[in-house]
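See structure below.
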Amino acid sequence: KVLSSESYSMEKERKIKNQNVRALWKKCVMRVLKKKTLNLQPDIQAHRFNLISKRVTKCEDRPSEQIVNYEITKEKNLSITERIYGTYTESDFEETKKEFGQDLTGISAVWNAEECLAFALRDIADKFQGSKVIELAAGISGLTGLTLAALTNLHSLVLSDGNSVCQDYITKNLADNKEMLQTDFSNIISQQIAWEVEDTYKNLERNSFEYVIAADCLFVEDFHLALLGIIEKLMDPVNGQCLLLQPKRKGSMMRFIEKLENQFSETFTFEIFEDYNPEVIGQDHFHQKKSNYDRDMNFPYLIVIRHQQFQNFSKILFSKTP
């Protein structure tokens, strides 16, 4: 293939950009490992609130996987293929070094915050009727997005993660639950998205999503600004809301809030909720009686971000106003 001088320069610039992005993500993953953020402590998963009834079946032919049937309602179950906690391998990490925009945590488990978010939105799923929704950092399950799609007819849904292994799981889980979804299957896509690399989401319409949702994705602080950047680019400024369910995780959540206040104060407003769901609070109180419960790592706060131009107050899902 013969390239013009202009095309050659553009191609060279693209390769350099991708190399720089890969280097940044590799550096961040190594930093996470050094800090032992990925030290998969059994007590963390032991304190999942288990708000959604589930039945677990091990895969005999795939010892690192299990199928978890989540009882979303009495009539609807989502069948989610997951990795068994603590079974990620060295090859998984090697895979992360080959491409940009990923880390291991989404592979390793369905974290407490993801299930809490799915549970909290389950009872108000009808309010998402006809909306454009994107789930960022959906991990291996895409549980929250699939829960909404099962319970209401969304206009469209994007299930995304930066990790290609996670994205393969999401694609499988989407296909396996096709018959359970109220949302038209043709209006749901599974797409690998790296927040800092616009080419990975250039097909998505800018400022069009009424809901941007994500759970437990603030622990790698180098990506805070990239997350705020993609929210700014994709969220509808007049009708959109971003719902982040996040544990404090050694101050990482509050440092995200600081960046939000200091660098995006002219763009966004935000609220932080602790008592957004009574069942979540009840489980938190129950687990606090246990000596090894780490509330800092396990209890997820709800952060709601809206654009300064937001006007559709009838669509507000959570409010501190009595």
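Chain lettering (A, B, ...) mirrors the order of the structure tokens, residue numbering begins at 1 for each chain separately, and ligand numbering begins at 1 in order of display.
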
With a cut-off of 12 Å, could you pull out the residues of region 168-238 of chain A touching region 284-304 of chain A and give me the nearest pair of atoms for each, distance in Å to one decimal, using only C-alpha atoms, ordered by chain and ascending number, as a Markdown table?
```
| residue | atom | partner | partner_atom | distance |
| --- | --- | --- | --- | --- |
| A:Tyr211 | CA | A:Val304 | CA | 10.3 |
| A:Val212 | CA | A:Val304 | CA | 9.9 |
| A:Ile213 | CA | A:Val304 | CA | 9.5 |
| A:Ala214 | CA | A:Ile303 | CA | 10.1 |
| A:Ala215 | CA | A:Pro300 | CA | 8.5 |
| A:Asp216 | CA | A:Pro300 | CA | 7.7 |
| A:Cys217 | CA | A:Pro300 | CA | 11.1 |
| A:Leu218 | CA | A:Pro300 | CA | 11.3 |
| A:Phe219 | CA | A:Met297 | CA | 10.0 |
| A:Ile231 | CA | A:Val304 | CA | 11.8 |
```

Restricted to C-alpha atoms, what would the selected residues look like written as an mmCIF file, in the first residue's frame?
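Heads up, here's the output in again.cif:
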```
data_model
loop_
_atom_site.group_PDB
_atom_site.id
_atom_site.type_symbol
_atom_site.label_atom_id
_atom_site.label_comp_id
_atom_site.auth_asym_id
_atom_site.auth_seq_id
_atom_site.Cartn_x
_atom_site.Cartn_y
_atom_site.Cartn_z
ATOM 1 C CA TYR A 211 -27.843 8.177 31.394
ATOM 2 C CA VAL A 212 -24.165 7.363 31.835
ATOM 3 C CA ILE A 213 -23.762 4.687 34.515
ATOM 4 C CA ALA A 214 -20.724 3.043 36.117
ATOM 5 C CA ALA A 215 -19.777 1.215 39.309
ATOM 6 C CA ASP A 216 -16.500 1.108 41.263
ATOM 7 C CA CYS A 217 -14.285 2.689 38.621
ATOM 8 C CA LEU A 218 -12.418 5.430 40.530
ATOM 9 C CA PHE A 219 -9.667 3.435 42.231
ATOM 10 C CA ILE A 231 -18.860 11.946 30.453
#
```

Using DSSP on the backbone coordinates, identify all residues within region 30-261 of chain A classified as strand (DSSP E); present the result as a PyMOL selection string. chain A and resi 54-58+65-71+77-83+132-135+156-161+188-192+211-215+241-246

Same residues, C-alpha atoms, output as a tab-separated table (two decimals), in the first residue's frame:
```tsv
chain	number	residue	atom	x	y	z
A	54	LYS	CA	-28.79	-15.78	42.75
A	55	ARG	CA	-27.98	-19.38	41.96
A	56	VAL	CA	-24.41	-20.38	41.04
A	57	THR	CA	-23.48	-23.25	38.73
A	58	LYS	CA	-19.85	-24.16	38.12
A	65	GLU	CA	-15.80	-19.84	35.24
A	66	GLN	CA	-19.25	-20.09	36.74
A	67	ILE	CA	-22.76	-19.25	35.57
A	68	VAL	CA	-24.68	-17.04	37.97
A	69	ASN	CA	-28.45	-16.75	37.58
A	70	TYR	CA	-29.56	-13.41	39.01
A	71	GLU	CA	-33.24	-13.26	39.94
A	77	ASN	CA	-33.52	-14.22	35.55
A	78	LEU	CA	-30.29	-13.07	33.95
A	79	SER	CA	-27.76	-15.82	33.23
A	80	ILE	CA	-24.31	-14.28	33.64
A	81	THR	CA	-21.06	-16.09	32.91
A	82	GLU	CA	-18.41	-14.87	35.37
A	83	ARG	CA	-14.84	-15.64	36.31
A	132	LYS	CA	-30.28	6.25	25.69
A	133	VAL	CA	-28.02	4.54	28.25
A	134	ILE	CA	-24.31	3.72	28.28
A	135	GLU	CA	-22.60	1.65	30.96
A	156	SER	CA	-30.60	2.12	23.10
A	157	LEU	CA	-27.92	0.63	25.35
A	158	VAL	CA	-24.12	0.50	25.06
A	159	LEU	CA	-22.30	-1.99	27.30
A	160	SER	CA	-18.61	-1.12	27.43
A	161	ASP	CA	-15.33	-1.86	29.12
A	188	ILE	CA	-27.95	-2.89	22.21
A	189	ILE	CA	-24.25	-2.97	21.41
A	190	SER	CA	-21.20	-4.34	23.21
A	191	GLN	CA	-18.20	-2.11	22.56
A	192	GLN	CA	-14.67	-1.88	23.92
A	211	TYR	CA	-27.84	8.18	31.39
A	212	VAL	CA	-24.17	7.36	31.83
A	213	ILE	CA	-23.76	4.69	34.51
A	214	ALA	CA	-20.72	3.04	36.12
A	215	ALA	CA	-19.78	1.22	39.31
A	241	GLN	CA	-27.37	12.39	34.25
A	242	CYS	CA	-24.34	10.34	35.23
A	243	LEU	CA	-24.80	7.80	38.02
A	244	LEU	CA	-21.57	6.55	39.62
A	245	LEU	CA	-21.74	4.08	42.51
A	246	GLN	CA	-18.38	4.15	44.26
```

Using only C-alpha atoms, find the one residue out of A:Cys116, A:Gln182, A:Thr200, A:Ile72 that sits nearest to Gln283 (chain A).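 Comparing A:Cys116, A:Gln182, A:Thr200, A:Ile72 against Gln283 (chain A), the winner is A:Cys116.
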
Find the spatial neighbours of Leu148 (chain A), counting only C-alpha atoms, within a cut-off of 8 Å - ignore same-chain residues fewer than 4 positions away - and output them as a PyMOL selection string. chain A and resi 118+121-122+125+128+144+152+154

Okay, now the selection with N, CA and C atoms, as a compact mmCIF listing (two decimals), in the first residue's frame?
```txt
# COMPACT_ATOMS: atom_id res chain seq x y z
N ALA A 118 -27.18 -2.24 40.18
CA ALA A 118 -28.25 -2.96 39.49
C ALA A 118 -29.49 -3.04 40.38
N LEU A 121 -31.27 0.46 40.84
CA LEU A 121 -31.99 0.94 39.65
C LEU A 121 -33.12 0.01 39.24
N ARG A 122 -33.12 -1.22 39.78
CA ARG A 122 -34.13 -2.20 39.40
C ARG A 122 -35.54 -1.69 39.68
N ALA A 125 -36.65 1.13 37.24
CA ALA A 125 -36.27 0.88 35.84
C ALA A 125 -37.24 1.55 34.86
N PHE A 128 -36.38 4.77 33.11
CA PHE A 128 -35.41 4.78 32.02
C PHE A 128 -36.06 4.49 30.67
N THR A 144 -25.72 -4.17 35.41
CA THR A 144 -26.66 -3.06 35.58
C THR A 144 -27.36 -2.74 34.27
N THR A 152 -37.17 -2.76 31.08
CA THR A 152 -37.83 -1.67 30.37
C THR A 152 -37.32 -1.59 28.94
N LEU A 154 -35.53 0.36 26.60
CA LEU A 154 -34.64 1.49 26.39
C LEU A 154 -34.63 1.87 24.91
```

Could you write out, as a PyMOL selection string, all the residues of region 198-251 of chain A that DSSP marks as helix (DSSP H, G or I)? chain A and resi 198-201+221-234

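Of note, CA of Ser53 (chain A) and CA of Phe119 (chain A) are spaced 10.4 Å apart.
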
Could you tell me which of A:Asn50, A:Ser208, A:Ser131, A:Asn262 comes closest to Lys315 (chain A) if we count only C-alpha atoms? A:Ser131

Report the distance between CA of Thr183 (chain A) and CA of Ile124 (chain A) in Å, rounded to one decimal place. 15.6 Å

At a cut-off of 7 Å, using only C-alpha atoms, what residues contact region 194-196 of chain A? Leave out same-chain residues fewer than 5 positions from it and give the result as an MDAnalysis selection string. chainID A and resid 101 162 226:227 230
